[in-house]
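> So that you have it, the file is entry-v9.pdb, and it contains PDB, C-alpha atoms and all ligand atoms:
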```
ATOM      1  CA  MET L   1       2.818   9.173  39.104  1.00  0.00           C
ATOM      2  CA  LEU L   2       4.815   8.873  35.888  1.00  0.00           C
ATOM      3  CA  PRO L   3       6.849  11.846  34.664  1.00  0.00           C
ATOM      4  CA  ARG L   4       4.877  13.980  32.210  1.00  0.00           C
ATOM      5  CA  SER L   5       7.210  13.221  29.299  1.00  0.00           C
ATOM      6  CA  ILE L   6       6.592   9.508  29.712  1.00  0.00           C
ATOM      7  CA  GLN L   7       2.819  10.024  30.036  1.00  0.00           C
ATOM      8  CA  LYS L   8       2.860  12.058  26.839  1.00  0.00           C
ATOM      9  CA  PHE L   9       4.862   9.369  25.020  1.00  0.00           C
ATOM     10  CA  ILE L  10       2.507   6.634  26.202  1.00  0.00           C
ATOM     11  CA  SER L  11      -0.622   8.447  25.099  1.00  0.00           C
ATOM     12  CA  ALA L  12       0.874   9.109  21.643  1.00  0.00           C
ATOM     13  CA  PHE L  13       2.148   5.574  21.095  1.00  0.00           C
ATOM     14  CA  ALA L  14      -0.775   3.724  22.685  1.00  0.00           C
ATOM     15  CA  ALA L  15      -2.954   5.147  19.888  1.00  0.00           C
ATOM     16  CA  LEU L  16      -0.887   3.397  17.202  1.00  0.00           C
ATOM     17  CA  PRO L  17      -2.024   0.120  15.603  1.00  0.00           C
ATOM     18  CA  SER L  18      -1.106  -3.001  17.604  1.00  0.00           C
ATOM     19  CA  ILE L  19       0.476  -0.961  20.423  1.00  0.00           C
ATOM     20  CA  GLY L  20      -1.645  -0.670  23.555  1.00  0.00           C
ATOM     21  CA  PRO L  21      -0.881   1.276  26.759  1.00  0.00           C
ATOM     22  CA  ARG L  22       1.154  -1.575  28.274  1.00  0.00           C
ATOM     23  CA  GLN L  23       3.290  -1.945  25.179  1.00  0.00           C
ATOM     24  CA  ALA L  24       3.729   1.830  24.947  1.00  0.00           C
ATOM     25  CA  THR L  25       4.848   1.963  28.573  1.00  0.00           C
ATOM     26  CA  ARG L  26       7.408  -0.794  27.996  1.00  0.00           C
ATOM     27  CA  LEU L  27       8.618   0.982  24.885  1.00  0.00           C
ATOM     28  CA  ALA L  28       9.031   4.250  26.800  1.00  0.00           C
ATOM     29  CA  PHE L  29      11.199   2.621  29.476  1.00  0.00           C
ATOM     30  CA  TYR L  30      13.171   0.735  26.861  1.00  0.00           C
ATOM     31  CA  LEU L  31      13.934   3.920  24.926  1.00  0.00           C
ATOM     32  CA  VAL L  32      14.979   5.726  28.103  1.00  0.00           C
ATOM     33  CA  SER L  33      17.361   2.860  28.797  1.00  0.00           C
ATOM     34  CA  LEU L  34      18.962   3.312  25.363  1.00  0.00           C
ATOM     35  CA  GLY L  35      20.110   6.821  26.211  1.00  0.00           C
ATOM     36  CA  SER L  36      19.496  10.227  24.710  1.00  0.00           C
ATOM     37  CA  ALA L  37      21.574   9.813  21.504  1.00  0.00           C
ATOM     38  CA  SER L  38      19.544   6.789  20.398  1.00  0.00           C
ATOM     39  CA  ILE L  39      16.283   8.524  21.290  1.00  0.00           C
ATOM     40  CA  VAL L  40      17.227  11.526  19.142  1.00  0.00           C
ATOM     41  CA  ASP L  41      18.049   9.185  16.206  1.00  0.00           C
ATOM     42  CA  ILE L  42      14.661   7.494  16.479  1.00  0.00           C
ATOM     43  CA  ALA L  43      12.860  10.825  16.815  1.00  0.00           C
ATOM     44  CA  ASP L  44      14.664  12.093  13.685  1.00  0.00           C
ATOM     45  CA  ALA L  45      13.629   8.992  11.764  1.00  0.00           C
ATOM     46  CA  ALA L  46       9.992   9.612  12.731  1.00  0.00           C
ATOM     47  CA  ARG L  47      10.258  13.311  11.915  1.00  0.00           C
ATOM     48  CA  GLY L  48      11.535  12.433   8.417  1.00  0.00           C
ATOM     49  CA  LEU L  49       8.170  10.836   7.689  1.00  0.00           C
ATOM     50  CA  ALA L  50       6.524  14.229   8.066  1.00  0.00           C
ATOM     51  CA  ALA L  51       8.340  15.369   4.914  1.00  0.00           C
ATOM     52  CA  LEU L  52       6.739  12.635   2.781  1.00  0.00           C
ATOM     53  CA  SER L  53       4.014  13.568   0.372  1.00  0.00           C
ATOM     54  CA  THR L  54       1.727  11.598  -1.908  1.00  0.00           C
ATOM     55  CA  CYS L  55       2.690  10.908  -5.521  1.00  0.00           C
ATOM     56  CA  PRO L  56       0.192  12.825  -7.700  1.00  0.00           C
ATOM     57  CA  ASP L  57       0.261  10.046 -10.319  1.00  0.00           C
ATOM     58  CA  CYS L  58      -0.097   6.839  -8.306  1.00  0.00           C
ATOM     59  CA  PHE L  59      -0.820   7.981  -4.706  1.00  0.00           C
ATOM     60  CA  PHE L  60       2.117   6.050  -3.237  1.00  0.00           C
ATOM     61  CA  PHE L  61       4.492   7.968  -0.950  1.00  0.00           C
ATOM     62  CA  SER L  62       6.917  10.368  -2.500  1.00  0.00           C
ATOM     63  CA  GLU L  63       9.842  12.502  -1.404  1.00  0.00           C
ATOM     64  CA  GLY L  64      10.085  14.407  -4.658  1.00  0.00           C
ATOM     65  CA  PRO L  65       7.631  15.547  -7.331  1.00  0.00           C
ATOM     66  CA  VAL L  66       6.720  11.885  -8.029  1.00  0.00           C
ATOM     67  CA  CYS L  67       7.369   8.530  -6.315  1.00  0.00           C
ATOM     68  CA  PRO L  68      10.426   6.336  -7.057  1.00  0.00           C
ATOM     69  CA  PHE L  69       8.351   4.076  -9.369  1.00  0.00           C
ATOM     70  CA  CYS L  70       6.679   6.748 -11.488  1.00  0.00           C
ATOM     71  CA  GLY L  71       9.990   8.618 -11.690  1.00  0.00           C
ATOM     72  CA  ASN L  72      12.010   5.580 -12.795  1.00  0.00           C
ATOM     73  CA  PRO L  73      12.513   5.468 -16.600  1.00  0.00           C
ATOM     74  CA  ALA L  74      13.214   1.714 -16.390  1.00  0.00           C
ATOM     75  CA  ARG L  75       9.671   0.986 -15.169  1.00  0.00           C
ATOM     76  CA  ARG L  76       7.024   0.246 -17.780  1.00  0.00           C
ATOM     77  CA  LYS L  77       4.440   2.998 -17.802  1.00  0.00           C
ATOM     78  CA  ASP L  78       2.030   0.966 -19.943  1.00  0.00           C
ATOM     79  CA  VAL L  79       1.574  -1.724 -17.289  1.00  0.00           C
ATOM     80  CA  LEU L  80      -0.374  -0.645 -14.217  1.00  0.00           C
ATOM     81  CA  ALA L  81      -1.082  -2.545 -10.999  1.00  0.00           C
ATOM     82  CA  VAL L  82      -4.123  -1.389  -9.058  1.00  0.00           C
ATOM     83  CA  VAL L  83      -3.644  -2.020  -5.314  1.00  0.00           C
ATOM     84  CA  GLU L  84      -5.429  -1.009  -2.145  1.00  0.00           C
ATOM     85  CA  ARG L  85      -2.616  -0.083   0.214  1.00  0.00           C
ATOM     86  CA  PRO L  86       0.924   1.275   0.043  1.00  0.00           C
ATOM     87  CA  THR L  87       1.976  -1.881   1.923  1.00  0.00           C
ATOM     88  CA  ASP L  88       0.662  -3.928  -1.044  1.00  0.00           C
ATOM     89  CA  VAL L  89       3.172  -2.071  -3.227  1.00  0.00           C
ATOM     90  CA  ILE L  90       5.942  -3.068  -0.803  1.00  0.00           C
ATOM     91  CA  ALA L  91       4.790  -6.713  -0.900  1.00  0.00           C
ATOM     92  CA  ILE L  92       4.722  -6.766  -4.719  1.00  0.00           C
ATOM     93  CA  GLU L  93       8.124  -5.074  -4.950  1.00  0.00           C
ATOM     94  CA  ALA L  94       9.601  -7.713  -2.637  1.00  0.00           C
ATOM     95  CA  THR L  95       8.758 -10.393  -5.214  1.00  0.00           C
ATOM     96  CA  ARG L  96      10.708  -8.585  -8.018  1.00  0.00           C
ATOM     97  CA  LYS L  97       8.143  -9.955 -10.467  1.00  0.00           C
ATOM     98  CA  PHE L  98       6.525  -6.685 -11.502  1.00  0.00           C
ATOM     99  CA  ASN L  99       8.129  -3.878 -13.478  1.00  0.00           C
ATOM    100  CA  GLY L 100       5.194  -1.566 -14.141  1.00  0.00           C
ATOM    101  CA  VAL L 101       3.758   1.309 -12.155  1.00  0.00           C
ATOM    102  CA  TYR L 102       1.033   1.405  -9.511  1.00  0.00           C
ATOM    103  CA  LEU L 103      -2.255   2.988  -8.611  1.00  0.00           C
ATOM    104  CA  VAL L 104      -2.917   2.989  -4.858  1.00  0.00           C
ATOM    105  CA  LEU L 105      -6.679   3.255  -4.402  1.00  0.00           C
ATOM    106  CA  GLY L 106      -7.045   3.012  -0.634  1.00  0.00           C
ATOM    107  CA  GLU L 107      -8.992   0.351   1.261  1.00  0.00           C
ATOM    108  CA  LEU L 108     -11.975  -0.883  -0.725  1.00  0.00           C
ATOM    109  CA  LYS L 109     -15.418  -1.250   0.808  1.00  0.00           C
ATOM    110  CA  LYS L 110     -16.925  -4.706   1.144  1.00  0.00           C
ATOM    111  CA  THR L 111     -19.971  -3.553  -0.810  1.00  0.00           C
ATOM    112  CA  GLY L 112     -17.947  -3.220  -4.016  1.00  0.00           C
ATOM    113  CA  ALA L 113     -18.897   0.458  -4.225  1.00  0.00           C
ATOM    114  CA  LEU L 114     -16.117   2.957  -4.807  1.00  0.00           C
ATOM    115  CA  GLN L 115     -15.694   6.026  -2.629  1.00  0.00           C
ATOM    116  CA  PRO L 116     -15.718   9.411  -4.430  1.00  0.00           C
ATOM    117  CA  GLU L 117     -12.002   9.790  -3.694  1.00  0.00           C
ATOM    118  CA  GLN L 118     -11.316   6.366  -5.208  1.00  0.00           C
ATOM    119  CA  LYS L 119     -13.211   7.307  -8.349  1.00  0.00           C
ATOM    120  CA  LEU L 120     -11.012  10.382  -8.685  1.00  0.00           C
ATOM    121  CA  LYS L 121      -7.911   8.223  -8.273  1.00  0.00           C
ATOM    122  CA  LEU L 122      -9.137   5.861 -10.970  1.00  0.00           C
ATOM    123  CA  GLU L 123      -9.707   8.850 -13.260  1.00  0.00           C
ATOM    124  CA  ARG L 124      -6.124   9.939 -12.612  1.00  0.00           C
ATOM    125  CA  GLY L 125      -4.940   6.393 -13.382  1.00  0.00           C
ATOM    126  CA  LYS L 126      -6.961   6.279 -16.616  1.00  0.00           C
ATOM    127  CA  ALA L 127      -5.461   9.574 -17.727  1.00  0.00           C
ATOM    128  CA  ARG L 128      -2.023   7.904 -17.748  1.00  0.00           C
ATOM    129  CA  GLY L 129      -3.172   5.351 -20.326  1.00  0.00           C
ATOM    130  CA  PRO L 130      -3.543   3.747 -22.751  1.00  0.00           C
ATOM    131  CA  PHE L 131      -2.113   0.626 -21.115  1.00  0.00           C
ATOM    132  CA  LYS L 132      -1.032  -2.743 -22.439  1.00  0.00           C
ATOM    133  CA  GLU L 133      -2.180  -4.312 -19.187  1.00  0.00           C
ATOM    134  CA  ILE L 134      -3.859  -3.356 -15.943  1.00  0.00           C
ATOM    135  CA  LEU L 135      -3.330  -5.880 -13.145  1.00  0.00           C
ATOM    136  CA  LEU L 136      -5.945  -5.795 -10.396  1.00  0.00           C
ATOM    137  CA  ALA L 137      -3.790  -6.872  -7.454  1.00  0.00           C
ATOM    138  CA  LEU L 138      -6.616  -6.967  -4.934  1.00  0.00           C
ATOM    139  CA  ASP L 139      -7.100  -9.204  -1.913  1.00  0.00           C
ATOM    140  CA  GLN L 140      -8.406 -12.652  -2.804  1.00  0.00           C
ATOM    141  CA  THR L 141     -11.738 -12.281  -1.042  1.00  0.00           C
ATOM    142  CA  THR L 142     -15.344 -12.270  -2.135  1.00  0.00           C
ATOM    143  CA  TYR L 143     -15.486  -8.523  -1.765  1.00  0.00           C
ATOM    144  CA  GLY L 144     -12.234  -8.373  -3.767  1.00  0.00           C
ATOM    145  CA  ASP L 145     -14.195 -10.015  -6.591  1.00  0.00           C
ATOM    146  CA  PHE L 146     -17.026  -7.470  -6.320  1.00  0.00           C
ATOM    147  CA  ASN L 147     -14.520  -4.648  -6.345  1.00  0.00           C
ATOM    148  CA  ALA L 148     -12.664  -6.133  -9.297  1.00  0.00           C
ATOM    149  CA  GLN L 149     -15.905  -6.108 -11.300  1.00  0.00           C
ATOM    150  CA  THR L 150     -16.599  -2.479 -10.387  1.00  0.00           C
ATOM    151  CA  ILE L 151     -13.053  -1.381 -11.199  1.00  0.00           C
ATOM    152  CA  THR L 152     -13.022  -3.359 -14.456  1.00  0.00           C
ATOM    153  CA  LYS L 153     -16.095  -1.391 -15.581  1.00  0.00           C
ATOM    154  CA  GLU L 154     -14.401   1.904 -14.724  1.00  0.00           C
ATOM    155  CA  LEU L 155     -11.206   1.012 -16.565  1.00  0.00           C
ATOM    156  CA  SER L 156     -12.591  -0.539 -19.697  1.00  0.00           C
ATOM    157  CA  GLY L 157     -11.438   1.276 -22.790  1.00  0.00           C
ATOM    158  CA  VAL L 158      -8.003   2.375 -21.571  1.00  0.00           C
ATOM    159  CA  THR L 159      -6.231  -0.968 -21.609  1.00  0.00           C
ATOM    160  CA  GLU L 160      -5.680  -3.909 -23.930  1.00  0.00           C
ATOM    161  CA  LYS L 161      -6.348  -6.308 -21.103  1.00  0.00           C
ATOM    162  CA  ILE L 162      -7.241  -6.430 -17.431  1.00  0.00           C
ATOM    163  CA  THR L 163      -5.683  -9.247 -15.415  1.00  0.00           C
ATOM    164  CA  ARG L 164      -6.094 -10.652 -11.901  1.00  0.00           C
ATOM    165  CA  LEU L 165      -3.534 -12.383  -9.719  1.00  0.00           C
ATOM    166  CA  GLY L 166      -3.218 -16.117 -10.342  1.00  0.00           C
ATOM    167  CA  ARG L 167      -4.451 -18.609  -7.806  1.00  0.00           C
ATOM    168  CA  GLY L 168      -2.193 -19.512  -4.935  1.00  0.00           C
ATOM    169  CA  ILE L 169      -2.935 -16.828  -2.397  1.00  0.00           C
ATOM    170  CA  PRO L 170      -5.310 -18.502   0.049  1.00  0.00           C
ATOM    171  CA  THR L 171      -8.928 -17.426  -0.333  1.00  0.00           C
ATOM    172  CA  GLY L 172      -9.604 -14.661   2.157  1.00  0.00           C
ATOM    173  CA  GLY L 173      -5.921 -13.810   2.033  1.00  0.00           C
ATOM    174  CA  GLU L 174      -4.586 -10.297   1.973  1.00  0.00           C
ATOM    175  CA  ILE L 175      -1.767  -9.907  -0.505  1.00  0.00           C
ATOM    176  CA  GLU L 176       0.282  -7.888   1.939  1.00  0.00           C
ATOM    177  CA  PHE L 177       0.557 -10.974   4.177  1.00  0.00           C
ATOM    178  CA  ALA L 178       1.210 -13.549   1.443  1.00  0.00           C
ATOM    179  CA  ASP L 179       4.760 -14.888   1.434  1.00  0.00           C
ATOM    180  CA  GLU L 180       7.059 -13.662  -1.325  1.00  0.00           C
ATOM    181  CA  ASP L 181       7.108 -16.925  -3.287  1.00  0.00           C
ATOM    182  CA  THR L 182       3.332 -17.306  -3.245  1.00  0.00           C
ATOM    183  CA  LEU L 183       2.708 -13.718  -4.282  1.00  0.00           C
ATOM    184  CA  GLY L 184       5.499 -13.879  -6.863  1.00  0.00           C
ATOM    185  CA  SER L 185       3.960 -16.938  -8.468  1.00  0.00           C
ATOM    186  CA  ALA L 186       0.483 -15.345  -8.365  1.00  0.00           C
ATOM    187  CA  ILE L 187       1.947 -12.381 -10.265  1.00  0.00           C
ATOM    188  CA  GLU L 188       3.640 -14.642 -12.814  1.00  0.00           C
ATOM    189  CA  LYS L 189       0.444 -16.631 -13.314  1.00  0.00           C
ATOM    190  CA  ARG L 190      -1.808 -13.593 -13.644  1.00  0.00           C
ATOM    191  CA  SER L 191      -4.451 -13.846 -16.308  1.00  0.00           C
TER     192      SER L 191
HETATM  193 ZN    ZN M 201       3.920   7.388  -8.293  1.00  0.00          ZN
END
```
Represent the structure of the file as structure tokens.


Amino acid sequence: MLPRSIQKFISAFAALPSIGPRQATRLAFYLVSLGSASIVDIADAARGLAALSTCPDCFFFSEGPVCPFCGNPARRKDVLAVVERPTDVIAIEATRKFNGVYLVLGELKKTGALQPEQKLKLERGKARGPFKEILLALDQTTYGDFNAQTITKELSGVTEKITRLGRGIPTGGEIEFADEDTLGSAIEKRS
């Protein structure tokens, strides 16, 4: 029988994405082998995440009243990128090709219908306008196209233009997994 502390660790970690019980067990033994100081460091790093909140303007993560993008005076507030996931923001930032702010909507449904919470987020985004440009940085899938149409309807009237990512990201591709150069060029070639 495994010690209770290890059992508890395994059940917590096995529930995480892409970590099953075997992986969690290996991780537990690995951490024990690192020694208590390293374990405390890792636990502190995880505990720090509990202090994060959601930016009230763009719904990305924030440690203060707003996120680092909304709070940065050097970022253009009249250019907005609509994305699904916080990890999409990270992917776009890695390209260094975008200097506006974001609106993180949450995962879109394949039906092209928006969830009530997503409609509220879009309303919040609209209230920050008017915009020079709204970039719909959605996955390049068929349902991404449906969703783009729905979102375009919701946003009409608050922006001079609505753009989509340029071609280059493979069809069916999720922008979070596109390589930096490909995504960077899709941002540059947006239209
Ligand atoms: Zn923000």

> I would like the residues chosen by the PyMOL selection byres (((not hetatm)) within 12 of (chain M and resi 201)) on the shown file; could you give them as number ranges by chain?

L: 53-72, 75, 77, 80-82, 86, 89, 100-104, 121, 124-125, 128

> Of the candidates L:Ala113, L:Ala127, L:Leu105, L:Ala91, which shows the shortest atom-to-atom distance to L:Leu183, using all atoms listed in the file?

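For L:Leu183, the nearest of the candidates is L:Ala91.
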
> Please return, as a ChimeraX atom specification, all polymer residues that have at least one atom within 9 Å of the point (8.0, 4.4, 29.3); use only C-alpha atoms and the file's own coordinate frame.

/L:2,5-7,9-10,23-32

> From the list L:Thr141, L:Thr150, L:Ser191, L:Asn99, which residue is nearest L:Lys119 when using all atoms listed in the file?

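Among the listed residues, L:Thr150 lies closest to L:Lys119.
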
> Under the PyMOL selection byres (((chain L and resi 189) around 8) and not hetatm), which residues of this model are included? Write them out as a PyMOL selection string.

chain L and resi 165-167+185-188+190-191

> Starting from the PyMOL selection byres (((chain L and resi 110) around 10) and not hetatm), expand the selection into actual residues of this file and give them as a PDB file with C-alpha atoms, in the coordinates of the input.


```
ATOM      1  CA  GLU L 107      -8.992   0.351   1.261  1.00  0.00           C
ATOM      2  CA  LEU L 108     -11.975  -0.883  -0.725  1.00  0.00           C
ATOM      3  CA  LYS L 109     -15.418  -1.250   0.808  1.00  0.00           C
ATOM      4  CA  THR L 111     -19.971  -3.553  -0.810  1.00  0.00           C
ATOM      5  CA  GLY L 112     -17.947  -3.220  -4.016  1.00  0.00           C
ATOM      6  CA  ALA L 113     -18.897   0.458  -4.225  1.00  0.00           C
ATOM      7  CA  LEU L 114     -16.117   2.957  -4.807  1.00  0.00           C
ATOM      8  CA  THR L 141     -11.738 -12.281  -1.042  1.00  0.00           C
ATOM      9  CA  THR L 142     -15.344 -12.270  -2.135  1.00  0.00           C
ATOM     10  CA  TYR L 143     -15.486  -8.523  -1.765  1.00  0.00           C
ATOM     11  CA  GLY L 144     -12.234  -8.373  -3.767  1.00  0.00           C
ATOM     12  CA  ASP L 145     -14.195 -10.015  -6.591  1.00  0.00           C
ATOM     13  CA  PHE L 146     -17.026  -7.470  -6.320  1.00  0.00           C
ATOM     14  CA  ASN L 147     -14.520  -4.648  -6.345  1.00  0.00           C
TER      15      ASN L 147
END
```

> Rank nothing, just name the residue among L:Ile92, L:Leu52, L:Ala45, L:Val40 nearest to L:Ala178, using all atoms listed in the file.

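Distance minimum relative to L:Ala178 lands on L:Ile92.
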
> Enter the distance from atom CA of L:Gly106 to atom CA of L:Leu49, in Å, rounded to one decimal.

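Computed distance, atom CA of L:Gly106 to atom CA of L:Leu49, equals 19.0 Å.
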
> So what do you get for atom CA of L:Phe177 versus atom CA of L:Arg22, distance-wise?

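That distance, rounded to one decimal, is 25.9 Å.
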
> Hey, can you check how far atom CA of L:Gln140 sits from atom CA of L:Gly173?

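Interatomic distance here is 5.6 Å.
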
> So, with only C-alpha atoms as the atoms that count, which of L:Lys153, L:Arg96, L:Lys161, L:Arg76 lies closest to L:Gly184?

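Smallest distance to L:Gly184 is found for L:Arg96.
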
> Missing atoms in stretch 80-102 of chain L: can you complete it with N, CA and C atoms, as a PDB file, in the coordinates of the input?


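What ended up in part_25.pdb:
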```pdb
ATOM      1  N   LEU L  80       0.052  -1.286 -15.461  1.00  0.00           N
ATOM      2  CA  LEU L  80      -0.374  -0.645 -14.217  1.00  0.00           C
ATOM      3  C   LEU L  80      -0.928  -1.697 -13.265  1.00  0.00           C
ATOM      4  N   ALA L  81      -0.487  -1.670 -12.012  1.00  0.00           N
ATOM      5  CA  ALA L  81      -1.082  -2.545 -10.999  1.00  0.00           C
ATOM      6  C   ALA L  81      -1.948  -1.703 -10.071  1.00  0.00           C
ATOM      7  N   VAL L  82      -3.210  -2.083  -9.965  1.00  0.00           N
ATOM      8  CA  VAL L  82      -4.123  -1.389  -9.058  1.00  0.00           C
ATOM      9  C   VAL L  82      -4.090  -2.119  -7.717  1.00  0.00           C
ATOM     10  N   VAL L  83      -3.715  -1.411  -6.653  1.00  0.00           N
ATOM     11  CA  VAL L  83      -3.644  -2.020  -5.314  1.00  0.00           C
ATOM     12  C   VAL L  83      -4.449  -1.173  -4.337  1.00  0.00           C
ATOM     13  N   GLU L  84      -4.689  -1.759  -3.153  1.00  0.00           N
ATOM     14  CA  GLU L  84      -5.429  -1.009  -2.145  1.00  0.00           C
ATOM     15  C   GLU L  84      -4.504  -0.150  -1.276  1.00  0.00           C
ATOM     16  N   ARG L  85      -3.413  -0.755  -0.808  1.00  0.00           N
ATOM     17  CA  ARG L  85      -2.616  -0.083   0.214  1.00  0.00           C
ATOM     18  C   ARG L  85      -1.166   0.096  -0.221  1.00  0.00           C
ATOM     19  N   PRO L  86      -0.510   1.125   0.312  1.00  0.00           N
ATOM     20  CA  PRO L  86       0.924   1.275   0.043  1.00  0.00           C
ATOM     21  C   PRO L  86       1.710   0.023   0.443  1.00  0.00           C
ATOM     22  N   THR L  87       1.263  -0.670   1.500  1.00  0.00           N
ATOM     23  CA  THR L  87       1.976  -1.881   1.923  1.00  0.00           C
ATOM     24  C   THR L  87       1.837  -2.995   0.880  1.00  0.00           C
ATOM     25  N   ASP L  88       0.786  -2.958   0.046  1.00  0.00           N
ATOM     26  CA  ASP L  88       0.662  -3.928  -1.044  1.00  0.00           C
ATOM     27  C   ASP L  88       1.764  -3.685  -2.083  1.00  0.00           C
ATOM     28  N   VAL L  89       2.078  -2.405  -2.302  1.00  0.00           N
ATOM     29  CA  VAL L  89       3.172  -2.071  -3.227  1.00  0.00           C
ATOM     30  C   VAL L  89       4.475  -2.677  -2.709  1.00  0.00           C
ATOM     31  N   ILE L  90       4.715  -2.525  -1.415  1.00  0.00           N
ATOM     32  CA  ILE L  90       5.942  -3.068  -0.803  1.00  0.00           C
ATOM     33  C   ILE L  90       5.988  -4.589  -0.989  1.00  0.00           C
ATOM     34  N   ALA L  91       4.845  -5.250  -0.768  1.00  0.00           N
ATOM     35  CA  ALA L  91       4.790  -6.713  -0.900  1.00  0.00           C
ATOM     36  C   ALA L  91       5.081  -7.129  -2.347  1.00  0.00           C
ATOM     37  N   ILE L  92       4.509  -6.418  -3.310  1.00  0.00           N
ATOM     38  CA  ILE L  92       4.722  -6.766  -4.719  1.00  0.00           C
ATOM     39  C   ILE L  92       6.179  -6.502  -5.123  1.00  0.00           C
ATOM     40  N   GLU L  93       6.730  -5.380  -4.644  1.00  0.00           N
ATOM     41  CA  GLU L  93       8.124  -5.074  -4.950  1.00  0.00           C
ATOM     42  C   GLU L  93       9.059  -6.149  -4.423  1.00  0.00           C
ATOM     43  N   ALA L  94       8.730  -6.704  -3.256  1.00  0.00           N
ATOM     44  CA  ALA L  94       9.601  -7.713  -2.637  1.00  0.00           C
ATOM     45  C   ALA L  94       9.713  -8.958  -3.508  1.00  0.00           C
ATOM     46  N   THR L  95       8.709  -9.202  -4.364  1.00  0.00           N
ATOM     47  CA  THR L  95       8.758 -10.393  -5.214  1.00  0.00           C
ATOM     48  C   THR L  95       9.658 -10.179  -6.444  1.00  0.00           C
ATOM     49  N   ARG L  96       9.935  -8.935  -6.806  1.00  0.00           N
ATOM     50  CA  ARG L  96      10.708  -8.585  -8.018  1.00  0.00           C
ATOM     51  C   ARG L  96      10.096  -9.165  -9.289  1.00  0.00           C
ATOM     52  N   LYS L  97       8.798  -9.362  -9.298  1.00  0.00           N
ATOM     53  CA  LYS L  97       8.143  -9.955 -10.467  1.00  0.00           C
ATOM     54  C   LYS L  97       7.319  -8.935 -11.243  1.00  0.00           C
ATOM     55  N   PHE L  98       7.367  -7.678 -10.847  1.00  0.00           N
ATOM     56  CA  PHE L  98       6.525  -6.685 -11.502  1.00  0.00           C
ATOM     57  C   PHE L  98       7.361  -5.457 -11.821  1.00  0.00           C
ATOM     58  N   ASN L  99       7.306  -5.017 -13.073  1.00  0.00           N
ATOM     59  CA  ASN L  99       8.129  -3.878 -13.478  1.00  0.00           C
ATOM     60  C   ASN L  99       7.311  -2.734 -14.070  1.00  0.00           C
ATOM     61  N   GLY L 100       6.027  -2.671 -13.669  1.00  0.00           N
ATOM     62  CA  GLY L 100       5.194  -1.566 -14.141  1.00  0.00           C
ATOM     63  C   GLY L 100       5.091  -0.485 -13.080  1.00  0.00           C
ATOM     64  N   VAL L 101       4.021   0.284 -13.156  1.00  0.00           N
ATOM     65  CA  VAL L 101       3.758   1.309 -12.155  1.00  0.00           C
ATOM     66  C   VAL L 101       2.455   0.961 -11.415  1.00  0.00           C
ATOM     67  N   TYR L 102       2.139   1.748 -10.405  1.00  0.00           N
ATOM     68  CA  TYR L 102       1.033   1.405  -9.511  1.00  0.00           C
ATOM     69  C   TYR L 102      -0.063   2.467  -9.509  1.00  0.00           C
TER      70      TYR L 102
END
```
